[in-house]
Protein chains: 2
Amino acid sequence: MAAPSLDLTATSLDLTRALCDIDSVSGNETPLADAIEAAVRAHPHLEVTRLGDTVVARTDLGRERRVVMAGHIDTVPINDNLPTRDAVVDGEPHLWGRGTVDMKAGVAVQLKLAAELSDPAVDLTWIWYDHEEVSAELNGLRLLAAARPELMQGDFAILGEPSNGTIEGGCNGTLRVEVRTRGVRAHSARAWAGHNAIHDAAEVLQRLRDNQPGEVEVDGLAYREGLNAVMIAGGVAGNVIPDECVVAVNYRFAPSRSLEEATARMTELFAGFEVEVVDAAAGARPGLDAPLAQEFIAAVGVEPTPKYGWTDVARFSSLGIPAVNFGPGDPTKAHADDESVPVAQIEHVEQSLRAWLSRR
Amino acid sequence: MAAPSLDLTATSLDLTRALCDIDSVSGNETPLADAIEAAVRAHPHLEVTRLGDTVVARTDLGRERRVVMAGHIDTVPINDNLPTRDAVVDGEPHLWGRGTVDMKAGVAVQLKLAAELSDPAVDLTWIWYDHEEVSAELNGLRLLAAARPELMQGDFAILGEPSNGTIEGGCNGTLRVEVRTRGVRAHSARAWAGHNAIHDAAEVLQRLRDNQPGEVEVDGLAYREGLNAVMIAGGVAGNVIPDECVVAVNYRFAPSRSLEEATARMTELFAGFEVEVVDAAAGARPGLDAPLAQEFIAAVGVEPTPKYGWTDVARFSSLGIPAVNFGPGDPTKAHADDESVPVAQIEHVEQSLRAWLSRR
């Protein structure tokens with residue numbers, strides 16, 4: 001079977017369709033990465049590097065500043081939602097199918113502009129990477145940052161994740177801790193011989209209720225924090241006083257706090273209980289005060305909003321590179337089986353990026 | 001293989017040994033029931049009825065009053081603790097092995113006295129029944145009460161369950177309810193779009209802490225009640241606001257309260273929450289004010305104490321027959337793999353019962 005090939009001069013809508021119809025569920029990105037690599041290697045203004053199934057294409061025009069544009073090429077599993085088809089949603093033309101929102105429309109715009117912009121206003125680094133939808137250990141952008149950090153360098157980064165065509169800055173961090181109470185087992189007919197660990201968890205839940213966080217302003221954007229029990233478990237049998245209760249707490253914290261500060265906050269809030277960190281990812285400051293960010297916001301002409309879910313912008317942020325999300329598609333439709341992207345948003349994102357990146 | 005036979009003129013210690021060495025784990029009581037039936041049928045002063053693996057032996061001497069003596073003949077599973085052997089515990093001679101405490105020593109004393117007391121002070125009904133250690137539906141005493149209630153009638157009942165040779169009156173009732181909170185799911189990155197059902201459970205646990213019950217005096221005995229969460233469960237995933245939390249609550253209530261009163265108490269305590277009864281058994285009043293009970297207490301010469309665990313005395317109580325537990329062995333050793341009964345307690349129980357039941 002011939003390897004699929006991509007026509008980067010097609011419209012970004014047709015290119016989205018072509019990208020979606022090449023199955024690239026996480027772990028199966030190689031055919032699509034091959035097609036992308038072949039397509040960009042055809043353009044002499046791009047210097048191409050392949051690392052696993054991650055493809056990096058860079059201009060090297062000696063511009064003063066460099067912008068990094070990145071997008072993942074994998075999708076969550078297909079569920080009877082391929083091949084793509086044209087659809088009309090709320091009276092507007094859409095492209096329907098797995099990957100249309102998350103995030104092949106964003107990748108299509110990037111590929112089209114990578115081929116087209118041979119003389120951009122800034123130097124450009126394009127990164128298309130694998131394994132974003134699965135465990136962080138496999139994430140292509142993480143592996144690139146570890147193996148070839150120089151390829152990620154730039155003055156500003158734009159991740160093409162769906163943002164409804166608006167600019168979403170930074171992202172909250174996320175921390176998951178287990179808060180544990182311990183008691184002493186006894187037969188419930190003689191409860192006084194034991195100590196009830198579930199009763200002690202009342203205090204844990206009450207502190208959560210009494211300490212609901214609010215908004216934190218970071219670089220001009222208001223980040224709403226979240227502090228929630230996401231799981232509770234305790235109990236041995238219907239006639240036994242329970243000797244253990246575990247409350248799993250998820251803290252979504254504003255990007256102005258470090259992971260260490262967020263952890264300290266939880267340790268302090270649950271003072272007197274056992275607290276164990278089970279999962280943690282730092283947030284990303286929006287970095288909208290960076291000059292390139294200001295220029296980009298002015299060019300697109302929209303009011304930036306905070307991103308609540310964690311995205312790979314945090315990887316740029318941790319390298320000191322201001323980064324935002326800007327892509328077509330409604331983020332709440334990501335992973336939905338009726339995923340579909342408005343055609344007008346694809347065009348809006350393409351035009352906005354072209355206008356800003358073109359040499360004036 | 002010859003059916004095992006029992007010598008009811010042996011000492012109650014030797015008879016305990018013989019009973020234990022006939023395996024009668026719940027569901028396998030037939031050989032032992034056969035041996036018991038054959039042994040008591042040899043005594044013309046006893047009228048014998050067999051119902052399943054339950055054996056009833058009655059005198060019919062026209063006495064003014066009748067005492068019912070009952071004991072179950074099944075045991076929990078054997079765990080390398082048969083055959084029985086002699087042992088010394090804390091310097092005292094014991095008989096060690098499965099069933100020695102729960103409750104073949106009690107049954108041995110009953111069998112010996114059933115054969116011996118052909119001219120007792122009161123009419124006697126002896127009941128040896130099956131399936132006490134498993135689901136209540138199979139319980140031989142329950143089936144007897146349903147099929148032949150006239151065979152259970154009497155003015156006073158003594159269950160030979162282990163009580164360390166003291167008189168334990170009545171028993172607490174037990175009620176298990178599930179208290180449920182409901183919320184609305186949302187991604188934990190946007191928690192404000194949902195409603196956290198686990199947080200709402202704080203109030204359920206706090207009410208449990210604030211309403212710990214105390215002692216209730218019933219017929220001169222102080223019953224300590226218990227109110228405990230025995231299980232808690234809630235949560236969908238580490239990044240989802242949970243939409244349900246369930247707290248299972250076990251209320252051990254004094255026998256002066258009816259099941260209905262106990263249930264109403266829970267409904268009232270958890271007003272505002274969904275409350276569902278999942279398990280319930282009424283308690284048994286000690287009935288120590290009954291004349292025969294008073295005589296028995298005086299004869300044994302010990303201060304009665306309340307029984308906390310639920311026992312089959314409640315089945316007599318529900319028929320209006322005052323009932324107590326009186327048997328050899330430490331109840332906390334029941335079901336233990338190192339179950340062993342003090343020989344002196346077997347003799348004490350035998351002598352106390354003989355003295356009280358013999359015609360003076």
# chains A, B, ... in the order shown; residues from 1 in each chain; ligands from 1
>>> residues_around(residues="Ala298 (chain A)", least_positions_apart="2", cutoff="12 Å", atoms="only C-alpha atoms", output="list in words")
Ile167, Leu288, Pro291, Leu292, Ala293, Gln294, Glu295, Phe296, Val300, Gly301, Val302, Glu303, Pro304, Ser352, Leu353, Ala355 and Trp356 of chain A
>>> interface_residues(of="chain A", to="chain B", cutoff="6 Å", atoms="only C-alpha atoms", output="list in words")
Ala189, His199, Ala202, Leu205, Gln206, Val230, Met231, Ile232, Ala233, Gly234, Gly235, Gly238, Ile241, Pro242, Tyr308 and Gly309 of chain A
>>> calpha_fit_and_write(fixed="chain B", moving="chain A", output="short mmCIF file (atom, residue, chain, number, x, y, z; two decimals) with C-alpha atoms, in the first residue's frame")
data_model
loop_
_atom_site.label_atom_id
_atom_site.label_comp_id
_atom_site.auth_asym_id
_atom_site.auth_seq_id
_atom_site.Cartn_x
_atom_site.Cartn_y
_atom_site.Cartn_z
CA MET A 1 -19.55 -46.12 57.80
CA ALA A 2 -21.54 -46.44 61.03
CA ALA A 3 -23.36 -43.28 62.12
CA PRO A 4 -21.56 -41.65 65.08
CA SER A 5 -23.22 -42.34 68.40
CA LEU A 6 -23.27 -40.21 71.54
CA ASP A 7 -23.05 -41.38 75.16
CA LEU A 8 -25.17 -38.93 77.17
CA THR A 9 -23.93 -40.37 80.45
CA ALA A 10 -20.36 -39.25 79.72
CA THR A 11 -19.06 -36.09 81.43
CA SER A 12 -20.09 -32.88 79.75
CA LEU A 13 -16.39 -32.33 78.91
CA ASP A 14 -16.16 -35.67 77.09
CA LEU A 15 -19.51 -35.04 75.45
CA THR A 16 -18.24 -31.63 74.23
CA ARG A 17 -15.20 -33.38 72.75
CA ALA A 18 -17.40 -35.95 70.99
CA LEU A 19 -19.74 -33.25 69.59
CA CYS A 20 -16.84 -31.15 68.29
CA ASP A 21 -15.19 -34.09 66.60
CA ILE A 22 -18.30 -34.67 64.47
CA ASP A 23 -17.83 -32.03 61.73
CA SER A 24 -21.03 -29.96 61.50
CA VAL A 25 -20.07 -26.82 59.61
CA SER A 26 -23.29 -25.03 58.54
CA GLY A 27 -24.93 -27.07 55.76
CA ASN A 28 -23.38 -30.31 57.00
CA GLU A 29 -25.32 -30.83 60.24
CA THR A 30 -27.19 -34.02 59.28
CA PRO A 31 -24.79 -36.63 60.80
CA LEU A 32 -24.72 -34.73 64.11
CA ALA A 33 -28.49 -34.15 64.07
CA ASP A 34 -28.94 -37.91 63.44
CA ALA A 35 -26.69 -38.77 66.38
CA ILE A 36 -28.51 -36.33 68.68
CA GLU A 37 -31.93 -37.59 67.60
CA ALA A 38 -30.91 -41.24 68.20
CA ALA A 39 -29.41 -40.41 71.61
CA VAL A 40 -32.45 -38.54 72.96
CA ARG A 41 -34.96 -41.01 71.51
CA ALA A 42 -33.42 -43.59 73.87
CA HIS A 43 -34.98 -41.65 76.80
CA PRO A 44 -38.70 -42.36 77.26
CA HIS A 45 -39.32 -39.17 79.32
CA LEU A 46 -38.60 -37.15 76.15
CA GLU A 47 -41.03 -36.60 73.28
CA VAL A 48 -38.85 -36.11 70.18
CA THR A 49 -39.66 -34.16 67.00
CA ARG A 50 -37.31 -33.78 64.02
CA LEU A 51 -37.71 -30.92 61.57
CA GLY A 52 -34.95 -30.78 58.95
CA ASP A 53 -31.80 -30.93 61.03
CA THR A 54 -33.47 -29.45 64.08
CA VAL A 55 -34.26 -31.83 66.96
CA VAL A 56 -36.81 -30.93 69.65
CA ALA A 57 -37.11 -33.01 72.84
CA ARG A 58 -39.83 -32.22 75.40
CA THR A 59 -40.99 -33.49 78.77
CA ASP A 60 -44.75 -33.48 79.28
CA LEU A 61 -45.13 -33.86 83.04
CA GLY A 62 -47.99 -31.43 83.55
CA ARG A 63 -45.81 -28.93 85.40
CA GLU A 64 -47.22 -25.43 85.84
CA ARG A 65 -44.34 -23.81 83.99
CA ARG A 66 -42.10 -24.69 81.08
CA VAL A 67 -38.50 -23.66 80.39
CA VAL A 68 -37.07 -23.81 76.86
CA MET A 69 -33.34 -24.54 76.44
CA ALA A 70 -31.86 -24.09 72.97
CA GLY A 71 -28.53 -24.31 71.19
CA HIS A 72 -27.30 -24.44 67.62
CA ILE A 73 -25.30 -27.44 66.46
CA ASP A 74 -23.47 -25.90 63.49
CA THR A 75 -20.08 -24.20 63.49
CA VAL A 76 -18.21 -21.80 61.28
CA PRO A 77 -15.70 -23.48 58.91
CA ILE A 78 -12.89 -25.57 60.35
CA ASN A 79 -9.44 -24.05 59.94
CA ASP A 80 -6.93 -26.70 61.03
CA ASN A 81 -8.51 -26.63 64.47
CA LEU A 82 -10.00 -30.13 64.69
CA PRO A 83 -9.82 -32.67 66.24
CA THR A 84 -10.10 -31.08 69.66
CA ARG A 85 -7.30 -31.35 72.17
CA ASP A 86 -6.71 -30.58 75.83
CA ALA A 87 -4.87 -27.33 76.40
CA VAL A 88 -3.82 -25.10 79.26
CA VAL A 89 -4.56 -21.39 78.85
CA ASP A 90 -3.49 -18.92 81.56
CA GLY A 91 -2.84 -21.87 83.83
CA GLU A 92 -6.40 -23.21 83.48
CA PRO A 93 -7.42 -26.47 81.74
CA HIS A 94 -9.24 -25.82 78.46
CA LEU A 95 -10.69 -27.83 75.60
CA TRP A 96 -9.33 -26.40 72.35
CA GLY A 97 -10.80 -26.60 68.84
CA ARG A 98 -13.52 -25.43 66.48
CA GLY A 99 -16.93 -25.34 68.15
CA THR A 100 -15.69 -25.65 71.72
CA VAL A 101 -16.90 -22.10 72.49
CA ASP A 102 -19.54 -21.55 69.81
CA MET A 103 -21.33 -23.60 71.06
CA LYS A 104 -20.90 -27.32 71.49
CA ALA A 105 -19.93 -27.08 75.16
CA GLY A 106 -23.33 -25.46 75.74
CA VAL A 107 -25.05 -28.15 73.66
CA ALA A 108 -23.17 -30.91 75.54
CA VAL A 109 -24.45 -29.64 78.91
CA GLN A 110 -27.98 -29.47 77.50
CA LEU A 111 -27.82 -33.01 76.08
CA LYS A 112 -26.47 -34.42 79.34
CA LEU A 113 -29.20 -32.72 81.39
CA ALA A 114 -31.94 -33.61 78.91
CA ALA A 115 -31.11 -37.29 79.39
CA GLU A 116 -30.60 -37.04 83.13
CA LEU A 117 -33.49 -34.82 84.28
CA SER A 118 -36.43 -37.19 83.96
CA ASP A 119 -38.23 -35.54 86.90
CA PRO A 120 -37.44 -31.81 86.63
CA ALA A 121 -39.00 -28.95 88.63
CA VAL A 122 -40.53 -27.49 85.46
CA ASP A 123 -41.44 -28.99 82.12
CA LEU A 124 -38.52 -28.74 79.73
CA THR A 125 -38.22 -28.19 75.98
CA TRP A 126 -34.78 -28.81 74.48
CA ILE A 127 -34.10 -27.45 70.98
CA TRP A 128 -30.95 -28.24 69.00
CA TYR A 129 -31.00 -26.46 65.67
CA ASP A 130 -29.04 -26.01 62.48
CA HIS A 131 -27.78 -23.13 60.29
CA GLU A 132 -27.25 -20.47 62.93
CA GLU A 133 -23.90 -19.28 61.53
CA VAL A 134 -25.22 -18.39 58.08
CA SER A 135 -28.02 -16.41 56.42
CA ALA A 136 -31.08 -15.95 58.64
CA GLU A 137 -33.32 -17.54 56.00
CA LEU A 138 -31.77 -20.93 56.75
CA ASN A 139 -31.79 -20.60 60.55
CA GLY A 140 -33.37 -23.75 62.07
CA LEU A 141 -34.87 -21.85 65.01
CA ARG A 142 -36.48 -19.35 62.65
CA LEU A 143 -37.92 -22.19 60.57
CA LEU A 144 -39.20 -23.94 63.70
CA ALA A 145 -40.88 -20.73 64.90
CA ALA A 146 -42.58 -20.43 61.50
CA ALA A 147 -43.58 -24.10 61.04
CA ARG A 148 -44.21 -25.31 64.61
CA PRO A 149 -44.48 -22.28 66.92
CA GLU A 150 -46.21 -24.41 69.59
CA LEU A 151 -42.94 -26.33 70.08
CA MET A 152 -41.15 -23.11 71.06
CA GLN A 153 -43.69 -22.04 73.68
CA GLY A 154 -42.64 -21.69 77.29
CA ASP A 155 -42.45 -19.26 80.22
CA PHE A 156 -38.73 -18.63 79.97
CA ALA A 157 -35.95 -19.54 77.53
CA ILE A 158 -32.23 -20.02 77.98
CA LEU A 159 -29.97 -20.00 74.96
CA GLY A 160 -26.70 -21.79 75.64
CA GLU A 161 -24.57 -19.28 73.67
CA PRO A 162 -21.19 -18.53 75.26
CA SER A 163 -21.51 -15.92 78.02
CA ASN A 164 -18.52 -16.85 80.19
CA GLY A 165 -20.94 -18.64 82.48
CA THR A 166 -22.75 -15.40 83.35
CA ILE A 167 -26.31 -14.46 82.49
CA GLU A 168 -26.59 -12.08 79.56
CA GLY A 169 -30.04 -10.64 79.09
CA GLY A 170 -31.68 -9.77 75.80
CA CYS A 171 -29.75 -8.11 73.00
CA ASN A 172 -29.54 -4.85 71.09
CA GLY A 173 -31.29 -4.59 67.75
CA THR A 174 -29.34 -3.76 64.61
CA LEU A 175 -30.30 -1.59 61.69
CA ARG A 176 -28.25 -0.76 58.61
CA VAL A 177 -29.26 2.16 56.41
CA GLU A 178 -27.65 3.75 53.38
CA VAL A 179 -27.65 7.54 53.36
CA ARG A 180 -27.15 8.92 49.88
CA THR A 181 -26.20 12.35 48.57
CA ARG A 182 -26.57 13.29 44.92
CA GLY A 183 -24.75 15.89 42.86
CA VAL A 184 -23.99 16.75 39.26
CA ARG A 185 -20.93 15.52 37.38
CA ALA A 186 -18.53 17.97 35.76
CA HIS A 187 -14.88 18.06 34.76
CA SER A 188 -12.92 19.04 37.86
CA ALA A 189 -11.18 21.77 35.81
CA ARG A 190 -14.60 23.44 35.69
CA ALA A 191 -15.97 22.26 39.03
CA TRP A 192 -18.48 25.10 39.21
CA ALA A 193 -20.44 23.46 36.39
CA GLY A 194 -21.21 20.55 38.73
CA HIS A 195 -22.24 19.84 42.31
CA ASN A 196 -20.04 17.78 44.61
CA ALA A 197 -21.95 14.92 46.28
CA ILE A 198 -18.97 13.96 48.48
CA HIS A 199 -18.85 17.47 49.98
CA ASP A 200 -22.52 17.09 50.91
CA ALA A 201 -21.67 13.94 52.86
CA ALA A 202 -19.80 16.17 55.37
CA GLU A 203 -23.19 16.95 56.89
CA VAL A 204 -24.08 13.23 57.14
CA LEU A 205 -20.84 12.46 58.98
CA GLN A 206 -21.18 15.53 61.19
CA ARG A 207 -24.66 14.48 62.30
CA LEU A 208 -23.24 11.07 63.21
CA ARG A 209 -20.55 12.74 65.32
CA ASP A 210 -23.01 15.10 66.97
CA ASN A 211 -25.54 12.40 67.81
CA GLN A 212 -23.56 9.58 69.39
CA PRO A 213 -26.04 7.63 71.49
CA GLY A 214 -25.49 6.63 75.10
CA GLU A 215 -26.90 3.99 77.42
CA VAL A 216 -30.55 3.05 77.70
CA GLU A 217 -31.80 1.20 80.77
CA VAL A 218 -34.11 -1.68 79.92
CA ASP A 219 -35.54 -3.91 82.67
CA GLY A 220 -32.68 -2.97 84.96
CA LEU A 221 -29.85 -3.52 82.48
CA ALA A 222 -27.94 -0.67 80.84
CA TYR A 223 -27.74 -1.16 77.06
CA ARG A 224 -25.10 0.89 75.31
CA GLU A 225 -26.20 1.89 71.83
CA GLY A 226 -23.91 2.37 68.83
CA LEU A 227 -24.29 4.61 65.77
CA ASN A 228 -21.58 4.34 63.18
CA ALA A 229 -20.71 4.86 59.55
CA VAL A 230 -19.40 1.44 58.54
CA MET A 231 -18.78 2.24 54.87
CA ILE A 232 -18.44 5.29 52.64
CA ALA A 233 -18.03 5.37 48.88
CA GLY A 234 -18.12 8.05 46.23
CA GLY A 235 -16.22 9.22 43.17
CA VAL A 236 -16.02 8.66 39.43
CA ALA A 237 -12.47 9.52 38.37
CA GLY A 238 -9.62 11.75 39.50
CA ASN A 239 -10.80 14.64 37.30
CA VAL A 240 -14.58 14.36 37.71
CA ILE A 241 -16.82 16.09 40.26
CA PRO A 242 -18.65 13.15 41.88
CA ASP A 243 -22.41 12.90 41.48
CA GLU A 244 -23.07 10.39 44.26
CA CYS A 245 -21.85 9.45 47.72
CA VAL A 246 -23.20 6.66 49.91
CA VAL A 247 -22.68 6.33 53.65
CA ALA A 248 -23.69 2.99 55.20
CA VAL A 249 -24.72 3.52 58.81
CA ASN A 250 -25.12 0.79 61.42
CA TYR A 251 -27.39 1.62 64.36
CA ARG A 252 -27.24 -0.82 67.27
CA PHE A 253 -30.27 0.11 69.32
CA ALA A 254 -31.50 -0.78 72.79
CA PRO A 255 -34.20 -3.48 72.93
CA SER A 256 -36.69 -1.00 74.38
CA ARG A 257 -37.00 0.48 70.87
CA SER A 258 -38.96 -1.27 68.16
CA LEU A 259 -37.50 -1.67 64.70
CA GLU A 260 -39.96 0.96 63.53
CA GLU A 261 -38.82 3.42 66.18
CA ALA A 262 -35.18 2.80 65.33
CA THR A 263 -35.90 3.33 61.63
CA ALA A 264 -37.83 6.54 62.36
CA ARG A 265 -34.88 7.77 64.40
CA MET A 266 -32.56 7.33 61.42
CA THR A 267 -35.01 8.96 59.00
CA GLU A 268 -35.26 11.92 61.35
CA LEU A 269 -31.52 12.16 61.99
CA PHE A 270 -30.80 12.19 58.26
CA ALA A 271 -33.70 14.41 57.27
CA GLY A 272 -32.97 16.00 53.90
CA PHE A 273 -31.05 12.98 52.60
CA GLU A 274 -32.15 9.79 50.89
CA VAL A 275 -32.30 7.02 53.52
CA GLU A 276 -32.74 3.38 52.60
CA VAL A 277 -32.97 0.48 55.06
CA VAL A 278 -30.78 -2.40 53.86
CA ASP A 279 -30.74 -4.70 56.89
CA ALA A 280 -32.70 -4.87 60.11
CA ALA A 281 -33.22 -7.13 63.13
CA ALA A 282 -35.19 -6.20 66.24
CA GLY A 283 -33.52 -6.48 69.62
CA ALA A 284 -34.76 -8.56 72.56
CA ARG A 285 -35.76 -7.17 75.95
CA PRO A 286 -33.89 -8.95 78.72
CA GLY A 287 -37.20 -9.93 80.35
CA LEU A 288 -35.44 -10.31 83.68
CA ASP A 289 -38.54 -9.22 85.58
CA ALA A 290 -40.24 -12.51 84.67
CA PRO A 291 -40.59 -14.70 87.81
CA LEU A 292 -38.67 -17.63 86.31
CA ALA A 293 -35.89 -15.26 85.25
CA GLN A 294 -35.67 -13.89 88.81
CA GLU A 295 -35.50 -17.41 90.21
CA PHE A 296 -32.83 -18.40 87.70
CA ILE A 297 -30.70 -15.34 88.49
CA ALA A 298 -30.95 -16.05 92.20
CA ALA A 299 -30.05 -19.71 91.64
CA VAL A 300 -26.97 -18.95 89.55
CA GLY A 301 -26.01 -16.13 91.89
CA VAL A 302 -24.53 -13.75 89.32
CA GLU A 303 -25.34 -10.18 88.30
CA PRO A 304 -26.91 -10.25 84.81
CA THR A 305 -25.28 -8.11 82.12
CA PRO A 306 -26.60 -6.94 78.76
CA LYS A 307 -25.71 -8.80 75.56
CA TYR A 308 -24.55 -6.46 72.82
CA GLY A 309 -24.30 -8.76 69.82
CA TRP A 310 -27.53 -9.95 68.26
CA THR A 311 -28.43 -13.55 69.15
CA ASP A 312 -31.37 -15.89 68.67
CA VAL A 313 -32.79 -14.85 72.06
CA ALA A 314 -34.53 -12.20 69.94
CA ARG A 315 -36.60 -14.97 68.29
CA PHE A 316 -38.02 -15.99 71.68
CA SER A 317 -38.48 -12.39 72.66
CA SER A 318 -40.54 -11.77 69.52
CA LEU A 319 -42.83 -14.64 70.62
CA GLY A 320 -43.25 -12.95 74.01
CA ILE A 321 -40.98 -15.40 75.83
CA PRO A 322 -38.35 -13.85 78.13
CA ALA A 323 -34.96 -15.26 77.17
CA VAL A 324 -31.32 -15.00 78.26
CA ASN A 325 -27.93 -16.29 77.14
CA PHE A 326 -26.16 -18.60 79.57
CA GLY A 327 -23.34 -20.82 78.42
CA PRO A 328 -19.68 -21.69 78.83
CA GLY A 329 -16.95 -19.93 76.86
CA ASP A 330 -15.76 -16.40 76.14
CA PRO A 331 -17.95 -14.88 73.39
CA THR A 332 -15.00 -12.92 72.00
CA LYS A 333 -13.35 -16.29 71.24
CA ALA A 334 -16.30 -17.43 69.09
CA HIS A 335 -15.09 -17.95 65.46
CA ALA A 336 -11.46 -17.45 66.51
CA ASP A 337 -9.07 -20.05 65.19
CA ASP A 338 -7.72 -20.56 68.72
CA GLU A 339 -11.22 -21.08 70.12
CA SER A 340 -11.00 -22.90 73.48
CA VAL A 341 -13.37 -23.26 76.43
CA PRO A 342 -12.36 -23.39 80.11
CA VAL A 343 -13.28 -26.80 81.54
CA ALA A 344 -14.37 -25.15 84.80
CA GLN A 345 -16.99 -23.06 82.95
CA ILE A 346 -18.54 -26.17 81.39
CA GLU A 347 -18.85 -27.68 84.85
CA HIS A 348 -20.18 -24.46 86.38
CA VAL A 349 -22.92 -24.16 83.75
CA GLU A 350 -23.84 -27.83 84.11
CA GLN A 351 -24.05 -27.60 87.90
CA SER A 352 -25.99 -24.33 87.89
CA LEU A 353 -28.60 -25.63 85.48
CA ARG A 354 -28.90 -28.98 87.25
CA ALA A 355 -29.38 -27.30 90.63
CA TRP A 356 -32.04 -24.97 89.33
CA LEU A 357 -33.97 -27.46 87.20
CA SER A 358 -33.95 -30.38 89.63
CA ARG A 359 -37.08 -31.04 91.64
CA ARG A 360 -36.51 -29.93 95.21
#
>>> select_by_dssp(residues="region 197-249 of chain A", states="strand (DSSP E or B)", output="list in words")
Glu215, Val216, Glu217, Val218, Leu221, Ala222, Tyr223, Arg224, Gly226, Leu227, Asn228, Ala229, Val230, Met231, Ile232, Ala233, Gly234, Gly235, Val240, Ile241, Glu244, Cys245, Val246, Val247, Ala248 and Val249 of chain A
>>> select_by_dssp(residues="region 130-163 of chain B", states="alpha helix (DSSP H)", output="mmCIF file with N, CA and C atoms, in the first residue's frame")
data_model
loop_
_atom_site.group_PDB
_atom_site.id
_atom_site.type_symbol
_atom_site.label_atom_id
_atom_site.label_comp_id
_atom_site.auth_asym_id
_atom_site.auth_seq_id
_atom_site.Cartn_x
_atom_site.Cartn_y
_atom_site.Cartn_z
ATOM 1 N N GLY B 140 -32.434 -22.774 61.626
ATOM 2 C CA GLY B 140 -33.357 -23.815 62.072
ATOM 3 C C GLY B 140 -34.360 -23.333 63.104
ATOM 4 N N LEU B 141 -33.944 -22.418 63.987
ATOM 5 C CA LEU B 141 -34.863 -21.919 65.009
ATOM 6 C C LEU B 141 -35.934 -21.034 64.373
ATOM 7 N N ARG B 142 -35.520 -20.275 63.352
ATOM 8 C CA ARG B 142 -36.485 -19.438 62.624
ATOM 9 C C ARG B 142 -37.512 -20.333 61.916
ATOM 10 N N LEU B 143 -37.012 -21.422 61.293
ATOM 11 C CA LEU B 143 -37.914 -22.314 60.563
ATOM 12 C C LEU B 143 -38.861 -23.028 61.526
ATOM 13 N N LEU B 144 -38.340 -23.402 62.711
ATOM 14 C CA LEU B 144 -39.184 -24.048 63.720
ATOM 15 C C LEU B 144 -40.278 -23.089 64.183
ATOM 16 N N ALA B 145 -39.909 -21.826 64.437
ATOM 17 C CA ALA B 145 -40.885 -20.827 64.895
ATOM 18 C C ALA B 145 -41.971 -20.619 63.854
ATOM 19 N N ALA B 146 -41.592 -20.747 62.566
ATOM 20 C CA ALA B 146 -42.574 -20.547 61.492
ATOM 21 C C ALA B 146 -43.458 -21.781 61.315
ATOM 22 N N ALA B 147 -42.839 -23.000 61.391
ATOM 23 C CA ALA B 147 -43.576 -24.232 61.065
ATOM 24 C C ALA B 147 -44.288 -24.827 62.282
#
